[in-house]
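Shown next: final.cif, given as mmCIF, C-alpha atoms and all ligand atoms.
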data_final
#
loop_
_atom_site.label_atom_id
_atom_site.label_comp_id
_atom_site.auth_asym_id
_atom_site.auth_seq_id
_atom_site.Cartn_x
_atom_site.Cartn_y
_atom_site.Cartn_z
CA MET A 1 0.00 0.00 0.00
CA ARG A 2 1.03 3.63 -0.56
CA VAL A 3 0.66 5.54 2.72
CA LEU A 4 0.65 9.22 3.58
CA LEU A 5 2.19 9.62 7.05
CA ALA A 6 1.06 12.93 8.54
CA GLY A 7 3.57 13.81 11.25
CA GLY A 8 5.79 11.21 9.62
CA ALA A 9 9.14 12.79 10.52
CA GLY A 10 8.41 12.58 14.26
CA TYR A 11 9.31 9.97 16.88
CA VAL A 12 6.51 7.49 16.17
CA GLY A 13 6.26 8.60 12.52
CA THR A 14 9.84 7.71 11.57
CA HIS A 15 9.62 4.34 13.28
CA THR A 16 6.30 3.66 11.55
CA ALA A 17 7.81 4.65 8.20
CA VAL A 18 10.65 2.15 8.74
CA ALA A 19 8.17 -0.59 9.64
CA LEU A 20 5.98 0.17 6.60
CA LEU A 21 8.94 0.15 4.18
CA ASN A 22 10.35 -3.03 5.72
CA ALA A 23 6.94 -4.64 5.16
CA GLY A 24 7.04 -3.73 1.47
CA HIS A 25 4.76 -0.68 1.58
CA GLU A 26 5.50 2.85 0.32
CA ALA A 27 5.50 5.95 2.50
CA VAL A 28 5.44 9.70 1.96
CA LEU A 29 6.04 11.93 5.01
CA LEU A 30 4.20 15.20 5.61
CA ASP A 31 5.53 17.16 8.57
CA ASP A 32 5.70 20.82 9.65
CA LEU A 33 8.94 20.01 11.55
CA SER A 34 7.54 21.74 14.67
CA GLY A 35 8.59 18.73 16.72
CA THR A 36 11.45 17.21 14.71
CA HIS A 37 14.15 17.79 12.08
CA ALA A 38 14.24 17.04 8.33
CA VAL A 39 17.31 14.85 8.87
CA ALA A 40 15.03 12.29 10.54
CA ALA A 41 13.60 11.46 7.10
CA GLU A 42 17.11 10.92 5.73
CA ARG A 43 17.80 8.52 8.59
CA VAL A 44 14.69 6.50 7.63
CA ALA A 45 16.13 6.17 4.12
CA GLN A 46 19.51 5.18 5.61
CA ILE A 47 17.91 2.40 7.67
CA THR A 48 15.66 1.03 4.92
CA GLY A 49 17.74 1.78 1.82
CA THR A 50 14.63 3.34 0.31
CA SER A 51 14.18 7.05 -0.40
CA VAL A 52 11.30 8.58 1.52
CA PRO A 53 9.80 11.84 0.21
CA LEU A 54 9.35 14.46 2.95
CA VAL A 55 6.95 17.31 2.32
CA VAL A 56 7.40 20.13 4.82
CA GLY A 57 4.00 21.67 5.46
CA ASP A 58 0.97 21.99 7.69
CA ALA A 59 -1.34 18.98 7.65
CA ALA A 60 -4.15 21.30 8.77
CA ASP A 61 -4.01 23.13 5.43
CA ASP A 62 -6.24 21.54 2.76
CA ALA A 63 -4.13 23.09 -0.02
CA VAL A 64 -0.95 21.54 1.42
CA VAL A 65 -2.59 18.12 1.78
CA SER A 66 -4.06 18.34 -1.74
CA GLY A 67 -0.62 19.27 -3.03
CA VAL A 68 0.85 16.13 -1.47
CA PHE A 69 -1.78 14.04 -3.21
CA ASP A 70 -1.10 15.89 -6.53
CA ASP A 71 2.66 15.42 -6.30
CA HIS A 72 3.00 12.06 -4.55
CA GLY A 73 -0.37 10.32 -4.72
CA PRO A 74 -2.51 8.43 -5.10
CA PHE A 75 -2.56 7.00 -1.57
CA ASP A 76 -4.35 3.95 -0.23
CA ALA A 77 -4.21 5.18 3.35
CA ILE A 78 -3.42 8.02 5.72
CA ILE A 79 -1.78 7.43 9.09
CA HIS A 80 -2.37 10.57 11.15
CA LEU A 81 0.36 11.21 13.71
CA ALA A 82 0.50 15.00 13.33
CA ALA A 83 -0.33 16.42 16.77
CA PHE A 84 1.02 18.42 19.64
CA LYS A 85 1.45 15.94 22.48
CA ALA A 86 2.82 17.51 25.66
CA VAL A 87 0.24 17.11 28.41
CA GLY A 88 1.65 19.92 30.57
CA GLU A 89 2.06 22.35 27.67
CA SER A 90 -1.51 21.68 26.57
CA THR A 91 -2.84 23.10 29.85
CA GLN A 92 -1.06 26.39 29.04
CA LYS A 93 -1.95 26.47 25.31
CA PRO A 94 -5.43 24.96 24.93
CA LEU A 95 -6.28 26.86 21.73
CA ASP A 96 -3.07 25.73 20.00
CA TYR A 97 -3.76 22.13 21.01
CA TYR A 98 -7.44 22.02 20.04
CA SER A 99 -6.91 23.81 16.72
CA ASN A 100 -3.83 21.86 15.64
CA ASN A 101 -4.96 18.45 16.86
CA LEU A 102 -8.43 18.78 15.33
CA ASP A 103 -7.80 20.92 12.23
CA THR A 104 -5.21 18.42 11.00
CA THR A 105 -7.82 15.66 11.21
CA TYR A 106 -10.43 17.74 9.40
CA ALA A 107 -8.09 18.66 6.52
CA LEU A 108 -6.62 15.16 6.14
CA MET A 109 -10.07 13.59 6.16
CA ARG A 110 -11.64 16.15 3.78
CA VAL A 111 -8.90 15.69 1.21
CA GLY A 112 -8.46 11.97 1.86
CA LEU A 113 -12.15 11.24 1.28
CA ALA A 114 -12.21 13.42 -1.84
CA ARG A 115 -9.20 11.52 -3.19
CA GLY A 116 -10.62 8.08 -2.41
CA ILE A 117 -8.41 6.75 0.39
CA ARG A 118 -9.54 3.39 1.80
CA SER A 119 -8.03 3.59 5.29
CA PHE A 120 -7.45 6.20 7.97
CA VAL A 121 -5.38 5.25 11.03
CA PHE A 122 -5.42 7.68 13.95
CA SER A 123 -2.82 8.05 16.69
CA SER A 124 -4.77 8.25 19.94
CA THR A 125 -3.85 7.72 23.57
CA GLY A 126 -4.56 5.55 26.56
CA THR A 127 -5.10 8.76 28.53
CA VAL A 128 -8.72 8.85 27.23
CA TYR A 129 -9.61 6.18 29.84
CA SER A 130 -11.12 7.95 32.82
CA ASP A 131 -11.89 5.41 35.54
CA PRO A 132 -8.94 3.83 37.40
CA ALA A 133 -11.35 1.19 38.69
CA ASP A 134 -11.29 -0.25 35.16
CA LEU A 135 -7.55 -1.11 35.24
CA PRO A 136 -6.14 -2.82 33.26
CA PHE A 137 -7.88 -0.77 30.56
CA THR A 138 -9.58 -2.60 27.72
CA GLU A 139 -11.06 -0.89 24.64
CA GLU A 140 -14.45 -1.11 26.37
CA SER A 141 -13.25 0.69 29.52
CA THR A 142 -14.88 3.99 30.39
CA THR A 143 -13.67 6.96 28.38
CA SER A 144 -14.60 10.58 28.96
CA ILE A 145 -14.17 14.01 27.51
CA ASP A 146 -13.79 15.26 31.10
CA LEU A 147 -10.04 14.55 31.23
CA SER A 148 -7.24 16.34 33.06
CA ASN A 149 -5.75 18.21 30.08
CA PRO A 150 -6.51 19.62 26.61
CA TYR A 151 -4.11 17.17 24.92
CA SER A 152 -6.07 14.12 26.08
CA LYS A 153 -9.40 15.87 25.47
CA SER A 154 -8.35 16.73 21.89
CA LYS A 155 -7.57 13.05 21.28
CA ARG A 156 -10.95 11.95 22.66
CA MET A 157 -12.68 14.61 20.55
CA ASN A 158 -10.89 13.27 17.47
CA GLU A 159 -12.16 9.77 18.24
CA VAL A 160 -15.75 11.03 18.45
CA VAL A 161 -15.39 12.95 15.16
CA LEU A 162 -13.83 9.98 13.37
CA GLU A 163 -16.53 7.59 14.57
CA ASP A 164 -19.22 9.84 13.12
CA ILE A 165 -17.33 10.18 9.82
CA ALA A 166 -16.94 6.38 9.66
CA ARG A 167 -20.68 5.99 10.23
CA VAL A 168 -21.52 7.84 6.98
CA ASN A 169 -18.63 6.34 4.95
CA PRO A 170 -19.32 2.60 5.22
CA ASP A 171 -16.53 1.65 2.81
CA LEU A 172 -13.88 3.57 4.79
CA ASN A 173 -11.66 1.75 7.32
CA VAL A 174 -11.12 3.97 10.40
CA THR A 175 -8.74 2.57 13.01
CA ILE A 176 -8.04 4.25 16.36
CA LEU A 177 -4.78 3.20 18.05
CA ARG A 178 -4.63 4.12 21.74
CA TYR A 179 -0.93 4.31 22.64
CA PHE A 180 0.27 3.90 26.16
CA ASN A 181 3.75 5.27 26.91
CA PRO A 182 6.05 5.12 23.86
CA VAL A 183 9.73 4.57 24.76
CA GLY A 184 12.89 3.15 23.22
CA ALA A 185 14.38 3.67 19.75
CA HIS A 186 15.26 1.76 16.60
CA PRO A 187 18.20 -0.61 17.37
CA SER A 188 20.31 1.12 14.67
CA GLY A 189 20.50 4.21 16.92
CA LEU A 190 19.80 6.35 13.83
CA ILE A 191 16.29 7.48 14.81
CA GLY A 192 14.82 8.20 18.23
CA GLU A 193 12.93 10.61 20.42
CA ASP A 194 14.22 14.17 20.28
CA PRO A 195 11.95 16.43 22.34
CA ALA A 196 12.65 20.17 22.21
CA GLY A 197 13.67 21.86 25.47
CA ILE A 198 13.44 20.13 28.84
CA PRO A 199 11.53 16.84 28.39
CA ASN A 200 8.26 16.35 30.26
CA ASN A 201 8.38 12.58 29.88
CA LEU A 202 10.43 10.25 32.05
CA MET A 203 12.63 8.33 29.62
CA PRO A 204 13.91 11.35 27.66
CA PHE A 205 14.57 13.14 30.95
CA VAL A 206 16.53 10.19 32.38
CA SER A 207 18.43 9.92 29.11
CA ARG A 208 19.40 13.60 29.16
CA VAL A 209 20.74 13.13 32.73
CA ALA A 210 22.71 10.11 31.53
CA VAL A 211 24.20 12.05 28.62
CA GLY A 212 25.03 14.97 30.94
CA SER A 213 22.72 17.65 29.58
CA LEU A 214 20.50 17.60 32.69
CA GLU A 215 21.73 17.44 36.27
CA GLN A 216 19.57 14.91 38.08
CA ILE A 217 16.43 12.84 37.75
CA GLY A 218 13.44 14.16 39.71
CA ILE A 219 11.14 11.34 40.83
CA PHE A 220 7.65 12.79 41.08
CA GLY A 221 6.44 11.19 44.26
CA ASP A 222 7.14 7.86 45.96
CA ASP A 223 4.02 7.81 48.12
CA TYR A 224 1.53 6.39 45.61
CA ASP A 225 -0.44 3.25 46.42
CA THR A 226 1.86 1.11 44.23
CA PRO A 227 4.39 -1.62 45.10
CA ASP A 228 7.37 0.75 45.39
CA GLY A 229 5.39 3.96 45.84
CA THR A 230 6.26 5.43 42.41
CA GLY A 231 3.95 5.77 39.42
CA LEU A 232 3.15 2.77 37.25
CA ARG A 233 2.94 3.11 33.45
CA ASP A 234 2.68 0.80 30.42
CA TYR A 235 5.90 1.55 28.51
CA ILE A 236 5.69 0.26 24.95
CA HIS A 237 8.81 0.07 22.77
CA VAL A 238 8.34 2.37 19.76
CA VAL A 239 9.44 -0.44 17.42
CA ASP A 240 6.55 -2.60 18.69
CA LEU A 241 4.26 0.41 18.44
CA ALA A 242 5.28 0.99 14.81
CA GLU A 243 4.67 -2.65 13.97
CA GLY A 244 1.20 -2.25 15.48
CA HIS A 245 0.42 0.44 12.89
CA VAL A 246 1.47 -1.81 10.02
CA VAL A 247 -0.65 -4.79 11.07
CA ALA A 248 -3.60 -2.53 11.94
CA LEU A 249 -3.40 -1.04 8.44
CA GLU A 250 -2.91 -4.38 6.69
CA GLN A 251 -5.89 -5.92 8.50
CA ALA A 252 -8.18 -2.89 8.52
CA GLN A 253 -11.83 -3.63 7.83
CA PRO A 254 -14.58 -1.22 6.77
CA GLY A 255 -16.01 0.58 9.79
CA PHE A 256 -14.60 1.94 13.03
CA ALA A 257 -12.18 -0.06 15.21
CA VAL A 258 -10.25 0.77 18.40
CA PHE A 259 -7.11 -1.01 19.67
CA ASN A 260 -4.91 -0.50 22.72
CA LEU A 261 -1.23 -0.63 21.88
CA GLY A 262 0.61 -1.41 25.09
CA THR A 263 2.44 -4.26 26.79
CA GLY A 264 -0.08 -4.88 29.58
CA THR A 265 2.87 -4.93 32.03
CA PRO A 266 3.02 -1.94 34.40
CA VAL A 267 6.51 -0.64 35.22
CA SER A 268 7.33 1.82 38.01
CA VAL A 269 9.50 4.93 37.85
CA HIS A 270 12.11 3.26 40.06
CA GLU A 271 12.11 0.17 37.83
CA LEU A 272 12.58 2.25 34.68
CA VAL A 273 15.42 4.26 36.21
CA THR A 274 17.13 1.09 37.44
CA SER A 275 16.84 -0.45 33.99
CA PHE A 276 18.26 2.68 32.36
CA GLU A 277 21.20 2.68 34.80
CA LYS A 278 21.87 -0.92 33.79
CA ALA A 279 21.94 0.15 30.12
CA VAL A 280 24.28 3.07 30.89
CA GLY A 281 26.45 0.99 33.23
CA ARG A 282 26.40 3.41 36.15
CA GLU A 283 24.13 4.96 38.75
CA LEU A 284 22.44 8.21 37.82
CA PRO A 285 21.87 11.18 40.17
CA LYS A 286 18.27 11.30 41.36
CA VAL A 287 16.07 12.98 43.97
CA VAL A 288 12.53 12.23 45.14
CA LEU A 289 10.26 15.26 44.69
CA GLY A 290 6.58 15.87 45.37
CA ARG A 291 3.89 14.46 43.12
CA ARG A 292 3.33 16.16 39.72
CA PRO A 293 -0.16 17.73 39.50
CA GLY A 294 -2.45 15.71 37.23
CA ASP A 295 -0.48 12.47 37.53
CA VAL A 296 -2.32 9.26 38.26
CA ALA A 297 -0.83 6.43 40.32
CA ALA A 298 -1.16 3.82 37.58
CA THR A 299 -2.23 3.41 33.98
CA TYR A 300 -1.72 0.32 31.85
CA CYS A 301 -3.76 -1.70 29.38
CA ASP A 302 -5.06 -5.15 28.63
CA PRO A 303 -3.65 -5.65 25.09
CA ALA A 304 -5.62 -8.84 24.41
CA LYS A 305 -7.84 -7.39 21.67
CA ALA A 306 -4.91 -6.42 19.41
CA GLU A 307 -3.45 -9.88 19.89
CA ARG A 308 -6.78 -11.60 19.25
CA GLU A 309 -7.86 -9.55 16.23
CA LEU A 310 -4.56 -8.36 14.72
CA GLY A 311 -2.17 -11.05 15.87
CA TRP A 312 -0.08 -8.22 17.37
CA LYS A 313 1.65 -8.47 20.76
CA ALA A 314 4.51 -6.36 22.09
CA GLN A 315 7.74 -8.32 21.85
CA LEU A 316 10.10 -5.94 23.66
CA GLY A 317 10.30 -4.98 27.33
CA ILE A 318 11.64 -2.12 29.43
CA ASP A 319 15.23 -3.37 29.37
CA ASP A 320 15.16 -3.44 25.54
CA ALA A 321 13.66 0.05 25.51
CA CYS A 322 16.30 1.48 27.86
CA ARG A 323 19.13 -0.22 25.96
CA ASP A 324 17.88 1.07 22.60
CA TYR A 325 17.08 4.56 23.92
CA TRP A 326 20.56 4.86 25.41
CA ASN A 327 22.12 3.63 22.12
CA TRP A 328 20.24 6.39 20.24
CA GLN A 329 21.03 9.08 22.84
CA SER A 330 24.68 8.21 23.34
CA THR A 331 25.35 8.25 19.59
CA ASN A 332 23.21 11.40 19.13
CA PRO A 333 23.91 13.43 22.31
CA ASN A 334 22.16 16.47 20.80
CA GLY A 335 19.48 14.51 19.01
CA TYR A 336 19.02 15.41 15.36
CA ALA A 337 20.31 18.95 15.91
CA GLY A 338 23.80 17.57 16.15
CA ALA A 339 23.48 15.76 12.81
C1 LIG A 401 5.62 8.73 33.46
C2 LIG A 401 5.88 8.53 34.96
C3 LIG A 401 5.56 10.51 36.26
C4 LIG A 401 8.93 12.66 34.45
C5 LIG A 401 2.74 10.35 28.74
C6 LIG A 401 2.60 11.46 27.75
C7 LIG A 401 1.21 11.51 27.18
C8 LIG A 401 0.73 10.16 26.77
C9 LIG A 401 0.90 9.13 27.88
C10 LIG A 401 0.72 9.43 24.49
C11 LIG A 401 4.85 9.22 35.84
C12 LIG A 401 7.01 10.06 36.30
C13 LIG A 401 7.97 11.72 34.76
C14 LIG A 401 9.92 12.99 35.40
C15 LIG A 401 8.95 11.41 36.94
N1 LIG A 401 1.42 9.69 25.62
N2 LIG A 401 7.99 11.11 35.98
N3 LIG A 401 9.89 12.36 36.62
O1 LIG A 401 2.55 11.32 32.34
O2 LIG A 401 2.22 8.88 31.70
O3 LIG A 401 2.10 10.68 29.95
O4 LIG A 401 2.26 9.13 28.25
O5 LIG A 401 -0.40 9.70 24.29
O6 LIG A 401 1.30 12.34 26.03
O7 LIG A 401 2.84 12.66 28.41
O8 LIG A 401 4.31 10.04 31.01
O9 LIG A 401 6.76 10.06 31.06
O10 LIG A 401 5.52 12.16 31.79
O11 LIG A 401 5.47 10.13 33.24
O12 LIG A 401 8.96 10.86 38.05
O13 LIG A 401 10.83 13.84 35.19
O14 LIG A 401 7.13 9.09 35.29
O15 LIG A 401 5.13 10.95 37.54
O16 LIG A 401 4.65 8.41 36.98
P1 LIG A 401 2.74 10.23 31.35
P2 LIG A 401 5.57 10.67 31.74
#
For the file at hand, write its structure as structure tokens.
Amino acid sequence: MRVLLAGGAGYVGTHTAVALLNAGHEAVLLDDLSGTHAVAAERVAQITGTSVPLVVGDAADDAVVSGVFDDHGPFDAIIHLAAFKAVGESTQKPLDYYSNNLDTTYALMRVGLARGIRSFVFSSTGTVYSDPADLPFTEESTTSIDLSNPYSKSKRMNEVVLEDIARVNPDLNVTILRYFNPVGAHPSGLIGEDPAGIPNNLMPFVSRVAVGSLEQIGIFGDDYDTPDGTGLRDYIHVVDLAEGHVVALEQAQPGFAVFNLGTGTPVSVHELVTSFEKAVGRELPKVVLGRRPGDVAATYCDPAKAERELGWKAQLGIDDACRDYWNWQSTNPNGYAGA
């Protein structure tokens, strides 16, 4: 299949492009580079040996999306990964988050439908689940629009919009993939996560401490009702996550489908840090701080539906993720900027 990857030069996008090309598909990347660098697309070509067109532009602009179809189409499918994704930032910039994360969907769907795409895969999040009593979350667990931040709300709003669009386009395959916590990097060390500024998320922060660009790890609370008192999350290796997109696309059926992409195995902050120290080969400076506002004690999924219906199951664990993340970071201490 020929796939348009909106947000394709980003962390998940580049790994998904590699997985698509390795599976014999074709990919064209559309990215505004607000969260990445153009060199990431060159690295995808380096890994796969296949050139990957990168169009730099705004996926929320119908003219830009139409231009991609004119110049690089036709496309069988769109995988929509083009979104702002920092939970904390979203609370400060709600308008930016709602307009970008929804307008991109509107433009991609308007043009995609007009140009006859068969499949639309949407990058959603496990943070749409709203009732901790439902843990481990299945696709039937309670979701809500009344979530703690505009990022998660924008993802839930997208899901509602896409379900209604699927309802009136019976031949269209719409697949929602609810990610848990993406971590790790491609084993080549050529592509990886490269957040701008000081990372909000745990693994990039730990990695920047390991590489020396940040001073010490701050552990946000060790008084949660969890085995070691620190927060539990479902960390999914980005290579497994990318593979999940390929099988979801290859097995997409007409209608609207939702899948959790996670490992189903909760890992604590202490456990992740210990695993990262093992990958680095030394202890890292750390301090226990107060809880971060908005954090929950635990979130992780039951991934059985993706295994049952797609034959997909995460193959990699936290040690693989820390090893691969450190390989990427230690060979790219300044991320893509140093390239
Ligand atoms: C993980 C754990 C923190 C930083 C993320 C993304 C969100 C969504 C889901 C995709 C928590 C602790 C963190 C630090 C720490 N992704 N922590 N010190 O909050 O689960 O959300 O995954 O949709 O976009 O933000 O991930 O990595 O920020 O936190 O102790 O410096 O690590 O308290 O327990 P989170 P995170």
Could you give me the residues within 7 Å of ligand LIG 401 (chain A), counting only C-alpha atoms and all ligand atoms, as a PyMOL selection string?
chain A and resi 85-87+124-127+179-182+200-203+205+217-221+230-233+269+291-292+295+297
Each region 35-95 of chain A residue no farther than 12 Å from region 148-164 of chain A, nearest pair in Å, all atoms listed in the file, as CSV:
residue,atom,partner,partner_atom,distance
A:His80,CA,A:Asn158,CA,10.9
A:Leu81,CA,A:Lys155,CA,11.1
A:Ala82,CA,A:Lys155,CA,11.5
A:Ala83,CA,A:Tyr151,CA,9.0
A:Phe84,CA,A:Tyr151,CA,7.5
A:Lys85,CA,A:Tyr151,CA,6.2
A:Ala86,CA,A:Tyr151,CA,7.0
A:Val87,CA,A:Tyr151,CA,5.6
A:Gly88,CA,A:Asn149,CA,7.6
A:Glu89,CA,A:Tyr151,CA,8.5
A:Ser90,CA,A:Pro150,CA,5.4
A:Thr91,CA,A:Asn149,CA,5.7
A:Gln92,CA,A:Pro150,CA,9.0
A:Lys93,CA,A:Pro150,CA,8.3
A:Pro94,CA,A:Pro150,CA,5.7
A:Leu95,CA,A:Pro150,CA,8.7
Expressed in Å to a single decimal, how great is the separation between CA of Leu135 (chain A) and CA of Leu272 (chain A)?
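CA of Leu135 (chain A) sits 20.4 Å away from CA of Leu272 (chain A).
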Compile the contact shell of Asn169 (chain A) as a ChimeraX atom specification: residues with an atom at most 12 Å away, counting all atoms listed in the file, same-chain residues fewer than 2 positions apart removed.
/A:109,113-114,116-120,162-167,171-174,254-256
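Proximity ranking of A:Asp58, A:Glu250, A:Gly290, A:Ile191 relative to Gly229 (chain A) places A:Gly290 first, based on all atoms listed in the file.
For the atom pair formed by CA of Glu139 (chain A) and CA of Val246 (chain A), the distance is 19.3 Å, given to one decimal.
With distances taken from (18.9, 13.7, 10.6) and restricted to only C-alpha atoms, the residues inside 6 Å are Val39, Ala40, Glu42, Arg43, Tyr336 and Ala339 of chain A.
Here CA of Ser51 (chain A) and CA of Ile176 (chain A) stand 28.0 Å from one another.
Residue nearest Asp222 (chain A) within the list A:Ala257, A:Val288, A:Ile236, A:Gln46: A:Val288 [criterion: smallest interatomic distance, all atoms listed in the file].
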Have a look at A:Ala63, A:Ala38, A:Val68, A:Ile79 and name the one nearest to Ala6 (chain A); count all atoms listed in the file.
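Among the listed residues, A:Ile79 lies closest to Ala6 (chain A).
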Residue nearest Gly192 (chain A) among A:Val12, A:Ala248, A:Leu177, A:Leu21 (counting all atoms listed in the file)
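Between A:Val12, A:Ala248, A:Leu177, A:Leu21, the residue approaching Gly192 (chain A) most closely is A:Val12.
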Got a sec: who's within 9 Å of Lys313 (chain A), counting only C-alpha atoms, leaving out chain neighbours fewer than 3 positions off, as an NGL selection string?
:A and (240 or 244 or 261-263 or 303-304 or 306-307 or 310)
Pick the closest to Arg323 (chain A) from A:Glu26, A:Asp302, A:Glu277, A:Asp234: which is it, counting only C-alpha atoms?
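Selected residue with least distance to Arg323 (chain A): A:Glu277.
Considering the residues A:Arg110, A:His37, A:His15, A:Arg208 and counting all atoms listed in the file, Gly184 (chain A) has its shortest atom-to-atom contact with A:His15.
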Considering all atoms listed in the file, return as a PyMOL selection string whatever protein or nucleic-acid residues lie within 6 Å of Leu30 (chain A), sequence-local ones (same chain, fewer than 3 positions apart) excluded.
chain A and resi 6-8+54-56
Written record: region 192-206 of chain A, N, CA, C and O atoms, as a compact mmCIF listing (two decimals), in the first residue's frame:
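As written to disk, selection17.txt reads:
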# COMPACT_ATOMS: atom_id res chain seq x y z
N GLY A 192 15.24 8.30 16.83
CA GLY A 192 14.82 8.20 18.23
C GLY A 192 14.02 9.41 18.61
O GLY A 192 13.68 10.26 17.78
N GLU A 193 13.72 9.49 19.92
CA GLU A 193 12.93 10.61 20.42
C GLU A 193 13.83 11.82 20.62
O GLU A 193 14.94 11.69 21.15
N ASP A 194 13.38 12.99 20.21
CA ASP A 194 14.22 14.17 20.28
C ASP A 194 13.38 15.38 20.69
O ASP A 194 13.19 16.31 19.92
N PRO A 195 12.84 15.34 21.93
CA PRO A 195 11.95 16.43 22.34
C PRO A 195 12.71 17.76 22.45
O PRO A 195 13.86 17.78 22.84
N ALA A 196 12.03 18.85 22.09
CA ALA A 196 12.65 20.17 22.21
C ALA A 196 12.63 20.60 23.68
O ALA A 196 11.73 20.23 24.43
N GLY A 197 13.65 21.32 24.10
CA GLY A 197 13.67 21.86 25.47
C GLY A 197 13.80 20.78 26.52
O GLY A 197 14.33 19.71 26.26
N ILE A 198 13.32 21.09 27.74
CA ILE A 198 13.44 20.13 28.84
C ILE A 198 12.27 19.13 28.73
O ILE A 198 11.11 19.53 28.72
N PRO A 199 12.59 17.84 28.61
CA PRO A 199 11.53 16.84 28.39
C PRO A 199 10.56 16.76 29.56
O PRO A 199 10.96 16.82 30.72
N ASN A 200 9.26 16.60 29.22
CA ASN A 200 8.26 16.35 30.26
C ASN A 200 8.27 14.88 30.66
O ASN A 200 8.01 14.54 31.79
N ASN A 201 8.54 14.02 29.66
CA ASN A 201 8.38 12.58 29.88
C ASN A 201 9.62 11.98 30.53
O ASN A 201 10.73 12.48 30.41
N LEU A 202 9.40 10.85 31.19
CA LEU A 202 10.43 10.25 32.05
C LEU A 202 11.65 9.77 31.29
O LEU A 202 12.78 10.17 31.61
N MET A 203 11.45 8.93 30.25
CA MET A 203 12.63 8.33 29.62
C MET A 203 13.54 9.38 28.97
O MET A 203 14.75 9.33 29.18
N PRO A 204 13.01 10.34 28.22
CA PRO A 204 13.91 11.35 27.66
C PRO A 204 14.62 12.16 28.75
O PRO A 204 15.77 12.54 28.57
N PHE A 205 13.93 12.38 29.88
CA PHE A 205 14.57 13.14 30.95
C PHE A 205 15.74 12.33 31.54
O PHE A 205 16.86 12.83 31.67
N VAL A 206 15.47 11.06 31.83
CA VAL A 206 16.53 10.19 32.38
C VAL A 206 17.71 10.13 31.42
O VAL A 206 18.88 10.23 31.81
